[in-house]
Amino acid sequence: AYPLLANSDEENPSKVADTTGKSATTSLGGMTTTMIGGARDTLIAAWDGESIAKEIDTHFINTPAPKRESISSNADNTTTTESKYGTSWSTQYRVLTHRAMKNSRTAIFTPLNLIKSTAIAVVAGLLWFQLEYTERDIHDRTSYIFFTMTYWVFDSMFGALMAFPPEKQIIAKERASSSYHLSAYFLAKTTSEAPTRLTLPLLYMTISYWMAGIANDFGIFVASTLISLLSVLAGESLGLLIGASIDRMDRALTIATVLTLSTMLMGGFYVENIPSFISWAKYLSPFKYSFDASRFVIFDRDMPCDGSGQLQDLCASATDTVKRDDLLDFLGVEQSLGFHIGMLIVLGVVPRYLAYLALKYRKAGER
């Protein structure tokens, strides 16, 4: 490593007068030095020489640091420079998922949230207790569906709103040190919170659905629950997008409140005849797709008339029945079940991807 020391015996041979350690004469770099003490003192004297120090400094300054190269090679059989990350993407994802799951369990899956979800489910089940599938209860059945979808979209959106803002400084520091890919962090964060975030609406549906007597059919229960969970993911995606795009929490809360209330009003329950110049906005509402999809599933057969007058335009007498298609038209259900489920999936994926881009392309001064 140090040419001067390595070649000293060949170019400037040392003359040792006394091998027992009493005196030594050496010539290094044109400088002759006589030392008392043998080889050890000779090496110390050589190290202290100005010419050796300068040569060592010059050697390290002029020699570039070696590049790390990966074992794999490309199609031209040439080696490629190793990534700046010390671990693979899959390893980063596993570690970050484990860390995020521990945090989400303590933040979401808490005894207080379990009590809250159970209490709301019991109250809803008591208020809509054992509804009958008749003309009289059609609006009560519809209101249960809308309340359920609205509550869980709200809950997931505002819960996801706090996912990234508290960790933005940590993300910036860990990215600056090349600890992990941003994609690994983002995917780990979103997938790890999904099981805990979906557990609470599942608990709510299990209790309230059977208490309300929506339908004594397990298949309808599963379909309704899946639609509810898709609406939760759609609301969570919107919350992630707002939280990743806006730094100030007061602004994020304001935008989230305006957005959720606006899309809720366009969901088809409060306002049935939206003016034509703004009717396009209802197709941005996750409430509309979850509400219509649930009505497609729950109103699965013809409805008997009972003389209550709720469907007086469709019921000629109390002994008649209303065809399912006519009932869905009366309720204002549009498109098809597959369309609504597909749009819930789109709303669950696209805002999530936009949230990732918002984190990725943040200016350095904003990180």
# chains A, B, ... in the order shown; residues from 1 in each chain; ligands from 1
>>> residues_around(residues="Phe109 in chain A", least_positions_apart="3", cutoff="12 Å", atoms="only C-alpha atoms", output="ChimeraX atom specification")
/A:101-106,112-117,159,193-201,203
>>> residues_around(residues="Ser143 in chain A", least_positions_apart="2", cutoff="12 Å", atoms="only C-alpha atoms", output="PyMOL selection string")
chain A and resi 124+127-128+131+137-141+145-151+212+214+268-270+291+294-295+331
>>> atom_distance(atom1="CA of Val297 in chain A", atom2="CA of Ala223 in chain A")
7.0 Å
>>> closest_atom_pairs(of="range 110-196 of chain A", to="range 229-234 of chain A", cutoff="6 Å", atoms="only C-alpha atoms", output="Markdown table")
| residue | atom | partner | partner_atom | distance |
| --- | --- | --- | --- | --- |
| A:Trp152 | CA | A:Val232 | CA | 5.9 |
| A:Val153 | CA | A:Val232 | CA | 5.1 |
| A:Ser156 | CA | A:Val232 | CA | 5.7 |
>>> closest_atom_pairs(of="range 119-211 of chain A", to="range 353-359 of chain A", cutoff="10 Å", atoms="only C-alpha atoms", output="Markdown table")
| residue | atom | partner | partner_atom | distance |
| --- | --- | --- | --- | --- |
| A:Phe164 | CA | A:Leu359 | CA | 9.1 |
| A:Lys168 | CA | A:Leu359 | CA | 8.8 |
| A:Ile171 | CA | A:Leu359 | CA | 9.4 |
| A:Ala172 | CA | A:Leu359 | CA | 9.8 |
| A:Leu182 | CA | A:Leu359 | CA | 8.3 |
| A:Ser183 | CA | A:Tyr356 | CA | 7.6 |
| A:Tyr185 | CA | A:Tyr356 | CA | 9.9 |
| A:Phe186 | CA | A:Tyr356 | CA | 6.8 |
| A:Leu187 | CA | A:Tyr356 | CA | 9.0 |
>>> select_by_dssp(residues="range 91-250 of chain A", states="alpha helix (DSSP H)", output="MDAnalysis selection string")
chainID A and resid 91:107 111:127 138:160 168:176 182:212 218:245 249:250
>>> select_by_dssp(residues="range 189-324 of chain A", states="strand (DSSP E or B)", output="list in words")
Met303, Pro304, Thr321 and Val322 of chain A
>>> closest_residue(among="A:Ala176, A:Leu241, A:Leu284, A:Ala184", to="Ser88 in chain A", atoms="only C-alpha atoms")
A:Ala184
>>> closest_atom_pairs(of="range 106-183 of chain A", to="range 242-255 of chain A", cutoff="7 Å", atoms="only C-alpha atoms", output="JSON lines")
{"residue": "A:Leu161", "atom": "CA", "partner": "A:Gly243", "partner_atom": "CA", "distance": 4.8}
{"residue": "A:Met162", "atom": "CA", "partner": "A:Gly243", "partner_atom": "CA", "distance": 6.5}
{"residue": "A:Phe164", "atom": "CA", "partner": "A:Ala244", "partner_atom": "CA", "distance": 6.0}
{"residue": "A:Pro165", "atom": "CA", "partner": "A:Gly243", "partner_atom": "CA", "distance": 6.3}
>>> residues_around(residues="Trp280 in chain A", least_positions_apart="6", cutoff="12 Å", atoms="only C-alpha atoms", output="list of chain:residue names")
A:Thr263, A:Met266, A:Gly267, A:Ile274
>>> residues_around(residues="Ile298 in chain A", least_positions_apart="2", cutoff="12 Å", atoms="only C-alpha atoms", output="short mmCIF file (atom, residue, chain, number, x, y, z; two decimals) with all heavy atoms, in the first residue's frame")
data_model
loop_
_atom_site.label_atom_id
_atom_site.label_comp_id
_atom_site.auth_asym_id
_atom_site.auth_seq_id
_atom_site.Cartn_x
_atom_site.Cartn_y
_atom_site.Cartn_z
N TYR A 133 -89.12 -6.90 4.71
CA TYR A 133 -88.92 -6.64 3.29
C TYR A 133 -90.28 -6.34 2.66
O TYR A 133 -90.86 -7.13 1.90
CB TYR A 133 -88.26 -7.85 2.61
CG TYR A 133 -87.74 -7.55 1.22
CD1 TYR A 133 -86.52 -6.90 1.04
CD2 TYR A 133 -88.47 -7.92 0.08
CE1 TYR A 133 -86.04 -6.63 -0.23
CE2 TYR A 133 -88.00 -7.64 -1.19
CZ TYR A 133 -86.78 -6.99 -1.34
OH TYR A 133 -86.31 -6.72 -2.61
N ILE A 138 -89.15 0.38 3.06
CA ILE A 138 -88.18 0.57 1.99
C ILE A 138 -87.23 1.73 2.26
O ILE A 138 -86.02 1.64 2.04
CB ILE A 138 -88.90 0.75 0.63
CG1 ILE A 138 -87.86 0.85 -0.49
CG2 ILE A 138 -89.83 1.94 0.65
CD1 ILE A 138 -88.46 0.83 -1.87
N ARG A 141 -84.79 0.87 5.13
CA ARG A 141 -83.75 -0.04 4.65
C ARG A 141 -82.70 0.74 3.84
O ARG A 141 -81.50 0.52 3.97
CB ARG A 141 -84.40 -1.13 3.80
CG ARG A 141 -83.49 -2.26 3.39
CD ARG A 141 -84.29 -3.29 2.61
NE ARG A 141 -85.32 -3.90 3.44
CZ ARG A 141 -85.13 -4.99 4.17
NH1 ARG A 141 -83.97 -5.60 4.14
NH2 ARG A 141 -86.12 -5.48 4.90
N THR A 142 -83.18 1.69 3.04
CA THR A 142 -82.26 2.51 2.24
C THR A 142 -81.41 3.41 3.13
O THR A 142 -80.20 3.59 2.89
CB THR A 142 -83.06 3.38 1.25
OG1 THR A 142 -83.84 2.52 0.41
CG2 THR A 142 -82.14 4.21 0.38
N TYR A 144 -80.46 2.84 6.21
CA TYR A 144 -79.44 2.03 6.88
C TYR A 144 -78.23 1.85 5.96
O TYR A 144 -77.08 1.97 6.40
CB TYR A 144 -80.01 0.68 7.27
CG TYR A 144 -78.94 -0.32 7.68
CD1 TYR A 144 -78.43 -0.32 8.97
CD2 TYR A 144 -78.43 -1.24 6.76
CE1 TYR A 144 -77.42 -1.21 9.34
CE2 TYR A 144 -77.43 -2.13 7.12
CZ TYR A 144 -76.92 -2.12 8.40
OH TYR A 144 -75.93 -3.00 8.75
N ILE A 145 -78.49 1.57 4.70
CA ILE A 145 -77.40 1.36 3.76
C ILE A 145 -76.55 2.62 3.64
O ILE A 145 -75.32 2.57 3.70
CB ILE A 145 -77.96 0.95 2.37
CG1 ILE A 145 -78.71 -0.37 2.47
CG2 ILE A 145 -76.83 0.84 1.35
CD1 ILE A 145 -79.48 -0.72 1.21
N TYR A 209 -75.87 -5.80 10.80
CA TYR A 209 -76.60 -6.38 9.67
C TYR A 209 -77.66 -7.38 10.15
O TYR A 209 -78.82 -7.32 9.72
CB TYR A 209 -75.60 -7.07 8.73
CG TYR A 209 -76.22 -7.76 7.55
CD1 TYR A 209 -76.41 -7.09 6.35
CD2 TYR A 209 -76.64 -9.09 7.63
CE1 TYR A 209 -76.99 -7.72 5.26
CE2 TYR A 209 -77.22 -9.73 6.55
CZ TYR A 209 -77.39 -9.04 5.36
OH TYR A 209 -77.97 -9.67 4.28
N GLY A 213 -81.86 -7.12 10.41
CA GLY A 213 -82.62 -8.05 9.57
C GLY A 213 -82.64 -7.63 8.11
O GLY A 213 -83.69 -7.70 7.45
N ILE A 214 -81.51 -7.18 7.61
CA ILE A 214 -81.46 -6.70 6.23
C ILE A 214 -81.84 -7.80 5.25
O ILE A 214 -82.64 -7.59 4.33
CB ILE A 214 -80.06 -6.14 5.91
CG1 ILE A 214 -79.73 -4.98 6.86
CG2 ILE A 214 -79.96 -5.70 4.47
CD1 ILE A 214 -80.70 -3.83 6.77
N ALA A 215 -81.28 -8.96 5.43
CA ALA A 215 -81.64 -10.11 4.59
C ALA A 215 -81.11 -11.37 5.28
O ALA A 215 -79.95 -11.42 5.68
CB ALA A 215 -81.05 -9.98 3.20
N ASN A 216 -81.95 -12.36 5.41
CA ASN A 216 -81.53 -13.62 6.03
C ASN A 216 -80.85 -14.52 5.00
O ASN A 216 -81.25 -15.66 4.79
CB ASN A 216 -82.74 -14.32 6.65
CG ASN A 216 -83.33 -13.53 7.81
OD1 ASN A 216 -82.60 -12.92 8.58
ND2 ASN A 216 -84.65 -13.54 7.92
N ASP A 217 -79.84 -13.97 4.41
CA ASP A 217 -79.10 -14.68 3.37
C ASP A 217 -77.62 -14.38 3.58
O ASP A 217 -77.19 -13.21 3.49
CB ASP A 217 -79.56 -14.23 1.98
CG ASP A 217 -78.97 -15.08 0.87
OD1 ASP A 217 -77.78 -15.45 0.97
OD2 ASP A 217 -79.68 -15.34 -0.13
N PHE A 218 -76.83 -15.43 3.84
CA PHE A 218 -75.42 -15.22 4.13
C PHE A 218 -74.68 -14.67 2.91
O PHE A 218 -73.73 -13.88 3.05
CB PHE A 218 -74.77 -16.53 4.58
CG PHE A 218 -73.34 -16.38 5.01
CD1 PHE A 218 -73.02 -15.80 6.23
CD2 PHE A 218 -72.31 -16.82 4.18
CE1 PHE A 218 -71.70 -15.66 6.62
CE2 PHE A 218 -70.99 -16.68 4.57
CZ PHE A 218 -70.68 -16.10 5.79
N GLY A 219 -75.10 -15.07 1.72
CA GLY A 219 -74.47 -14.55 0.51
C GLY A 219 -74.64 -13.05 0.36
O GLY A 219 -73.70 -12.34 -0.03
N ILE A 220 -75.84 -12.55 0.68
CA ILE A 220 -76.08 -11.10 0.62
C ILE A 220 -75.25 -10.39 1.69
O ILE A 220 -74.73 -9.29 1.47
CB ILE A 220 -77.58 -10.81 0.79
CG1 ILE A 220 -78.35 -11.40 -0.39
CG2 ILE A 220 -77.83 -9.32 0.90
CD1 ILE A 220 -79.85 -11.18 -0.29
N PHE A 221 -75.13 -11.02 2.86
CA PHE A 221 -74.30 -10.44 3.92
C PHE A 221 -72.85 -10.30 3.46
O PHE A 221 -72.22 -9.25 3.66
CB PHE A 221 -74.37 -11.30 5.18
CG PHE A 221 -73.30 -10.99 6.18
CD1 PHE A 221 -73.34 -9.84 6.94
CD2 PHE A 221 -72.23 -11.87 6.35
CE1 PHE A 221 -72.34 -9.56 7.86
CE2 PHE A 221 -71.23 -11.60 7.28
CZ PHE A 221 -71.29 -10.44 8.03
N VAL A 222 -72.30 -11.34 2.85
CA VAL A 222 -70.92 -11.29 2.37
C VAL A 222 -70.76 -10.21 1.30
O VAL A 222 -69.80 -9.42 1.33
CB VAL A 222 -70.49 -12.66 1.84
CG1 VAL A 222 -69.12 -12.58 1.15
CG2 VAL A 222 -70.45 -13.69 2.97
N ALA A 223 -71.70 -10.16 0.36
CA ALA A 223 -71.61 -9.16 -0.71
C ALA A 223 -71.71 -7.74 -0.16
O ALA A 223 -70.94 -6.85 -0.55
CB ALA A 223 -72.71 -9.41 -1.73
N SER A 224 -72.63 -7.52 0.78
CA SER A 224 -72.77 -6.19 1.38
C SER A 224 -71.52 -5.79 2.15
O SER A 224 -71.08 -4.63 2.11
CB SER A 224 -73.99 -6.15 2.30
OG SER A 224 -75.17 -6.48 1.60
N THR A 225 -70.95 -6.75 2.86
CA THR A 225 -69.74 -6.46 3.64
C THR A 225 -68.56 -6.15 2.72
O THR A 225 -67.78 -5.23 3.00
CB THR A 225 -69.40 -7.66 4.54
OG1 THR A 225 -70.51 -7.94 5.39
CG2 THR A 225 -68.18 -7.37 5.38
N ILE A 227 -68.70 -4.82 -0.25
CA ILE A 227 -68.92 -3.48 -0.79
C ILE A 227 -68.55 -2.43 0.25
O ILE A 227 -67.92 -1.40 -0.06
CB ILE A 227 -70.38 -3.32 -1.23
CG1 ILE A 227 -70.66 -4.23 -2.43
CG2 ILE A 227 -70.68 -1.86 -1.59
CD1 ILE A 227 -72.13 -4.31 -2.80
N PHE A 291 -73.30 3.14 -2.31
CA PHE A 291 -74.73 3.18 -2.03
C PHE A 291 -75.51 2.40 -3.09
O PHE A 291 -76.36 1.56 -2.78
CB PHE A 291 -75.18 4.64 -1.98
CG PHE A 291 -76.61 4.84 -1.59
CD1 PHE A 291 -77.20 4.11 -0.56
CD2 PHE A 291 -77.39 5.79 -2.25
CE1 PHE A 291 -78.51 4.31 -0.20
CE2 PHE A 291 -78.71 6.00 -1.90
CZ PHE A 291 -79.27 5.26 -0.87
N ASP A 292 -75.23 2.68 -4.36
CA ASP A 292 -75.93 1.99 -5.44
C ASP A 292 -75.60 0.51 -5.49
O ASP A 292 -76.47 -0.34 -5.72
CB ASP A 292 -75.60 2.64 -6.78
CG ASP A 292 -76.33 3.96 -6.98
OD1 ASP A 292 -77.13 4.32 -6.11
OD2 ASP A 292 -76.10 4.62 -8.01
N ALA A 293 -74.33 0.17 -5.26
CA ALA A 293 -73.95 -1.25 -5.28
C ALA A 293 -74.64 -2.01 -4.17
O ALA A 293 -75.11 -3.15 -4.37
CB ALA A 293 -72.43 -1.38 -5.16
N SER A 294 -74.76 -1.41 -2.99
CA SER A 294 -75.43 -2.08 -1.87
C SER A 294 -76.92 -2.27 -2.15
O SER A 294 -77.50 -3.31 -1.81
CB SER A 294 -75.23 -1.27 -0.59
OG SER A 294 -73.88 -1.22 -0.23
N ARG A 295 -77.54 -1.27 -2.77
CA ARG A 295 -78.97 -1.41 -3.10
C ARG A 295 -79.19 -2.48 -4.17
O ARG A 295 -80.20 -3.18 -4.15
CB ARG A 295 -79.53 -0.07 -3.54
CG ARG A 295 -79.68 0.91 -2.39
CD ARG A 295 -80.43 2.16 -2.80
NE ARG A 295 -79.69 2.99 -3.74
CZ ARG A 295 -80.15 4.13 -4.26
NH1 ARG A 295 -81.37 4.56 -3.92
NH2 ARG A 295 -79.43 4.84 -5.10
N PHE A 296 -78.23 -2.61 -5.09
CA PHE A 296 -78.32 -3.69 -6.07
C PHE A 296 -78.36 -5.05 -5.37
O PHE A 296 -79.09 -5.96 -5.77
CB PHE A 296 -77.12 -3.64 -7.01
CG PHE A 296 -77.43 -3.08 -8.37
CD1 PHE A 296 -76.92 -1.86 -8.75
CD2 PHE A 296 -78.23 -3.76 -9.26
CE1 PHE A 296 -77.20 -1.32 -9.99
CE2 PHE A 296 -78.53 -3.24 -10.51
CZ PHE A 296 -78.01 -2.02 -10.88
N ASP A 300 -82.89 -7.63 -3.82
CA ASP A 300 -82.55 -8.72 -4.74
C ASP A 300 -83.78 -9.41 -5.33
O ASP A 300 -83.64 -10.34 -6.12
CB ASP A 300 -81.70 -9.76 -4.00
CG ASP A 300 -82.43 -10.39 -2.83
OD1 ASP A 300 -83.24 -9.69 -2.20
OD2 ASP A 300 -82.19 -11.58 -2.56
N ARG A 301 -84.96 -8.99 -4.94
CA ARG A 301 -86.17 -9.68 -5.42
C ARG A 301 -87.34 -8.69 -5.45
O ARG A 301 -87.19 -7.54 -5.02
CB ARG A 301 -86.51 -10.87 -4.52
CG ARG A 301 -86.79 -10.51 -3.08
CD ARG A 301 -86.90 -11.73 -2.20
NE ARG A 301 -87.29 -11.44 -0.84
CZ ARG A 301 -86.44 -11.10 0.11
NH1 ARG A 301 -85.15 -11.01 -0.15
NH2 ARG A 301 -86.88 -10.87 1.35
N ASP A 302 -88.46 -9.16 -5.95
CA ASP A 302 -89.66 -8.31 -6.00
C ASP A 302 -90.10 -7.95 -4.59
O ASP A 302 -89.95 -8.74 -3.64
CB ASP A 302 -90.80 -9.04 -6.72
CG ASP A 302 -90.46 -9.34 -8.18
OD1 ASP A 302 -89.48 -8.75 -8.68
OD2 ASP A 302 -91.15 -10.17 -8.79
N MET A 303 -90.67 -6.76 -4.45
CA MET A 303 -91.11 -6.30 -3.12
C MET A 303 -92.63 -6.30 -3.03
O MET A 303 -93.31 -5.72 -3.89
CB MET A 303 -90.56 -4.89 -2.85
CG MET A 303 -91.06 -4.28 -1.54
SD MET A 303 -90.14 -2.80 -1.06
CE MET A 303 -88.61 -3.56 -0.49
N ARG A 324 -88.51 -6.15 -9.32
CA ARG A 324 -87.20 -5.67 -8.85
C ARG A 324 -86.67 -4.56 -9.74
O ARG A 324 -86.14 -3.55 -9.23
CB ARG A 324 -86.21 -6.83 -8.80
CG ARG A 324 -84.80 -6.42 -8.36
CD ARG A 324 -83.90 -7.62 -8.22
NE ARG A 324 -82.56 -7.25 -7.79
CZ ARG A 324 -81.55 -6.99 -8.63
NH1 ARG A 324 -81.75 -7.09 -9.94
NH2 ARG A 324 -80.37 -6.67 -8.16
N LEU A 327 -88.46 -1.43 -9.04
CA LEU A 327 -88.07 -0.92 -7.72
C LEU A 327 -86.73 -0.18 -7.79
O LEU A 327 -86.58 0.91 -7.21
CB LEU A 327 -87.99 -2.08 -6.72
CG LEU A 327 -87.57 -1.74 -5.30
CD1 LEU A 327 -88.57 -0.79 -4.66
CD2 LEU A 327 -87.42 -3.01 -4.46
N LEU A 328 -85.75 -0.75 -8.50
CA LEU A 328 -84.45 -0.09 -8.63
C LEU A 328 -84.56 1.21 -9.41
O LEU A 328 -83.87 2.19 -9.09
CB LEU A 328 -83.45 -1.05 -9.31
CG LEU A 328 -83.07 -2.29 -8.50
CD1 LEU A 328 -82.13 -3.19 -9.30
CD2 LEU A 328 -82.43 -1.91 -7.17
N LEU A 337 -74.18 -3.48 -11.23
CA LEU A 337 -73.41 -3.80 -10.03
C LEU A 337 -71.91 -3.86 -10.35
O LEU A 337 -71.09 -3.35 -9.58
CB LEU A 337 -73.88 -5.14 -9.45
CG LEU A 337 -73.13 -5.66 -8.24
CD1 LEU A 337 -73.24 -4.69 -7.08
CD2 LEU A 337 -73.65 -7.05 -7.83
#
>>> decode(residues="range 303-333 of chain A", atoms="N, CA and C atoms", output="PDB file, in the first residue's frame")
ATOM      1  N   MET A 303     -90.674  -6.758  -4.454  1.00  0.00           N
ATOM      2  CA  MET A 303     -91.106  -6.295  -3.123  1.00  0.00           C
ATOM      3  C   MET A 303     -92.632  -6.296  -3.033  1.00  0.00           C
ATOM      4  N   PRO A 304     -93.189  -6.923  -1.992  1.00  0.00           N
ATOM      5  CA  PRO A 304     -94.656  -6.943  -1.835  1.00  0.00           C
ATOM      6  C   PRO A 304     -95.182  -5.592  -1.349  1.00  0.00           C
ATOM      7  N   CYS A 305     -96.344  -5.235  -1.840  1.00  0.00           N
ATOM      8  CA  CYS A 305     -97.012  -4.015  -1.395  1.00  0.00           C
ATOM      9  C   CYS A 305     -97.805  -4.316  -0.115  1.00  0.00           C
ATOM     10  N   ASP A 306     -97.946  -3.302   0.744  1.00  0.00           N
ATOM     11  CA  ASP A 306     -98.701  -3.510   1.983  1.00  0.00           C
ATOM     12  C   ASP A 306     -99.720  -2.410   2.227  1.00  0.00           C
ATOM     13  N   GLY A 307     -99.934  -1.531   1.244  1.00  0.00           N
ATOM     14  CA  GLY A 307    -100.921  -0.473   1.399  1.00  0.00           C
ATOM     15  C   GLY A 307    -100.451   0.728   2.173  1.00  0.00           C
ATOM     16  N   SER A 308     -99.162   0.799   2.512  1.00  0.00           N
ATOM     17  CA  SER A 308     -98.648   1.933   3.279  1.00  0.00           C
ATOM     18  C   SER A 308     -98.490   3.183   2.434  1.00  0.00           C
ATOM     19  N   GLY A 309     -98.472   3.033   1.134  1.00  0.00           N
ATOM     20  CA  GLY A 309     -98.391   4.186   0.248  1.00  0.00           C
ATOM     21  C   GLY A 309     -96.987   4.642  -0.079  1.00  0.00           C
ATOM     22  N   GLN A 310     -95.983   3.926   0.394  1.00  0.00           N
ATOM     23  CA  GLN A 310     -94.605   4.307   0.087  1.00  0.00           C
ATOM     24  C   GLN A 310     -94.296   4.135  -1.405  1.00  0.00           C
ATOM     25  N   LEU A 311     -94.955   3.170  -2.016  1.00  0.00           N
ATOM     26  CA  LEU A 311     -94.758   2.908  -3.445  1.00  0.00           C
ATOM     27  C   LEU A 311     -96.099   3.013  -4.175  1.00  0.00           C
ATOM     28  N   GLN A 312     -96.821   4.065  -3.860  1.00  0.00           N
ATOM     29  CA  GLN A 312     -98.178   4.151  -4.402  1.00  0.00           C
ATOM     30  C   GLN A 312     -98.206   4.267  -5.922  1.00  0.00           C
ATOM     31  N   ASP A 313     -97.141   4.792  -6.512  1.00  0.00           N
ATOM     32  CA  ASP A 313     -97.107   4.880  -7.968  1.00  0.00           C
ATOM     33  C   ASP A 313     -96.894   3.526  -8.623  1.00  0.00           C
ATOM     34  N   LEU A 314     -96.367   2.573  -7.847  1.00  0.00           N
ATOM     35  CA  LEU A 314     -96.070   1.253  -8.396  1.00  0.00           C
ATOM     36  C   LEU A 314     -97.031   0.185  -7.898  1.00  0.00           C
ATOM     37  N   CYS A 315     -97.701   0.454  -6.815  1.00  0.00           N
ATOM     38  CA  CYS A 315     -98.613  -0.528  -6.224  1.00  0.00           C
ATOM     39  C   CYS A 315    -100.063  -0.162  -6.540  1.00  0.00           C
ATOM     40  N   ALA A 316    -100.702  -0.974  -7.341  1.00  0.00           N
ATOM     41  CA  ALA A 316    -102.117  -0.732  -7.659  1.00  0.00           C
ATOM     42  C   ALA A 316    -103.011  -1.130  -6.496  1.00  0.00           C
ATOM     43  N   SER A 317    -102.595  -2.148  -5.741  1.00  0.00           N
ATOM     44  CA  SER A 317    -103.361  -2.597  -4.576  1.00  0.00           C
ATOM     45  C   SER A 317    -102.392  -3.191  -3.564  1.00  0.00           C
ATOM     46  N   ALA A 318    -102.910  -3.472  -2.368  1.00  0.00           N
ATOM     47  CA  ALA A 318    -102.067  -3.993  -1.296  1.00  0.00           C
ATOM     48  C   ALA A 318    -101.595  -5.421  -1.561  1.00  0.00           C
ATOM     49  N   THR A 319    -102.233  -6.056  -2.524  1.00  0.00           N
ATOM     50  CA  THR A 319    -101.851  -7.445  -2.807  1.00  0.00           C
ATOM     51  C   THR A 319    -100.855  -7.549  -3.963  1.00  0.00           C
ATOM     52  N   ASP A 320    -100.502  -6.449  -4.541  1.00  0.00           N
ATOM     53  CA  ASP A 320     -99.561  -6.473  -5.662  1.00  0.00           C
ATOM     54  C   ASP A 320     -98.126  -6.590  -5.168  1.00  0.00           C
ATOM     55  N   THR A 321     -97.259  -6.827  -6.093  1.00  0.00           N
ATOM     56  CA  THR A 321     -95.821  -6.802  -5.839  1.00  0.00           C
ATOM     57  C   THR A 321     -95.151  -5.915  -6.877  1.00  0.00           C
ATOM     58  N   VAL A 322     -94.045  -5.318  -6.481  1.00  0.00           N
ATOM     59  CA  VAL A 322     -93.286  -4.444  -7.371  1.00  0.00           C
ATOM     60  C   VAL A 322     -92.097  -5.226  -7.908  1.00  0.00           C
ATOM     61  N   LYS A 323     -91.966  -5.228  -9.213  1.00  0.00           N
ATOM     62  CA  LYS A 323     -90.849  -5.934  -9.828  1.00  0.00           C
ATOM     63  C   LYS A 323     -89.514  -5.305  -9.403  1.00  0.00           C
ATOM     64  N   ARG A 324     -88.511  -6.152  -9.317  1.00  0.00           N
ATOM     65  CA  ARG A 324     -87.203  -5.668  -8.852  1.00  0.00           C
ATOM     66  C   ARG A 324     -86.667  -4.557  -9.738  1.00  0.00           C
ATOM     67  N   ASP A 325     -86.767  -4.700 -11.036  1.00  0.00           N
ATOM     68  CA  ASP A 325     -86.249  -3.671 -11.938  1.00  0.00           C
ATOM     69  C   ASP A 325     -86.994  -2.359 -11.759  1.00  0.00           C
ATOM     70  N   ASP A 326     -88.303  -2.448 -11.587  1.00  0.00           N
ATOM     71  CA  ASP A 326     -89.086  -1.231 -11.363  1.00  0.00           C
ATOM     72  C   ASP A 326     -88.726  -0.594 -10.024  1.00  0.00           C
ATOM     73  N   LEU A 327     -88.456  -1.429  -9.039  1.00  0.00           N
ATOM     74  CA  LEU A 327     -88.066  -0.922  -7.716  1.00  0.00           C
ATOM     75  C   LEU A 327     -86.731  -0.179  -7.785  1.00  0.00           C
ATOM     76  N   LEU A 328     -85.751  -0.749  -8.496  1.00  0.00           N
ATOM     77  CA  LEU A 328     -84.446  -0.095  -8.629  1.00  0.00           C
ATOM     78  C   LEU A 328     -84.559   1.209  -9.410  1.00  0.00           C
ATOM     79  N   ASP A 329     -85.420   1.230 -10.415  1.00  0.00           N
ATOM     80  CA  ASP A 329     -85.652   2.478 -11.153  1.00  0.00           C
ATOM     81  C   ASP A 329     -86.292   3.527 -10.254  1.00  0.00           C
ATOM     82  N   PHE A 330     -87.206   3.104  -9.401  1.00  0.00           N
ATOM     83  CA  PHE A 330     -87.858   4.027  -8.472  1.00  0.00           C
ATOM     84  C   PHE A 330     -86.846   4.618  -7.499  1.00  0.00           C
ATOM     85  N   LEU A 331     -85.893   3.794  -7.070  1.00  0.00           N
ATOM     86  CA  LEU A 331     -84.865   4.247  -6.126  1.00  0.00           C
ATOM     87  C   LEU A 331     -83.773   5.064  -6.802  1.00  0.00           C
ATOM     88  N   GLY A 332     -83.747   5.080  -8.109  1.00  0.00           N
ATOM     89  CA  GLY A 332     -82.747   5.869  -8.820  1.00  0.00           C
ATOM     90  C   GLY A 332     -81.396   5.188  -8.943  1.00  0.00           C
ATOM     91  N   VAL A 333     -81.377   3.870  -8.873  1.00  0.00           N
ATOM     92  CA  VAL A 333     -80.116   3.127  -9.009  1.00  0.00           C
ATOM     93  C   VAL A 333     -79.738   3.071 -10.482  1.00  0.00           C
TER      94      VAL A 333
END
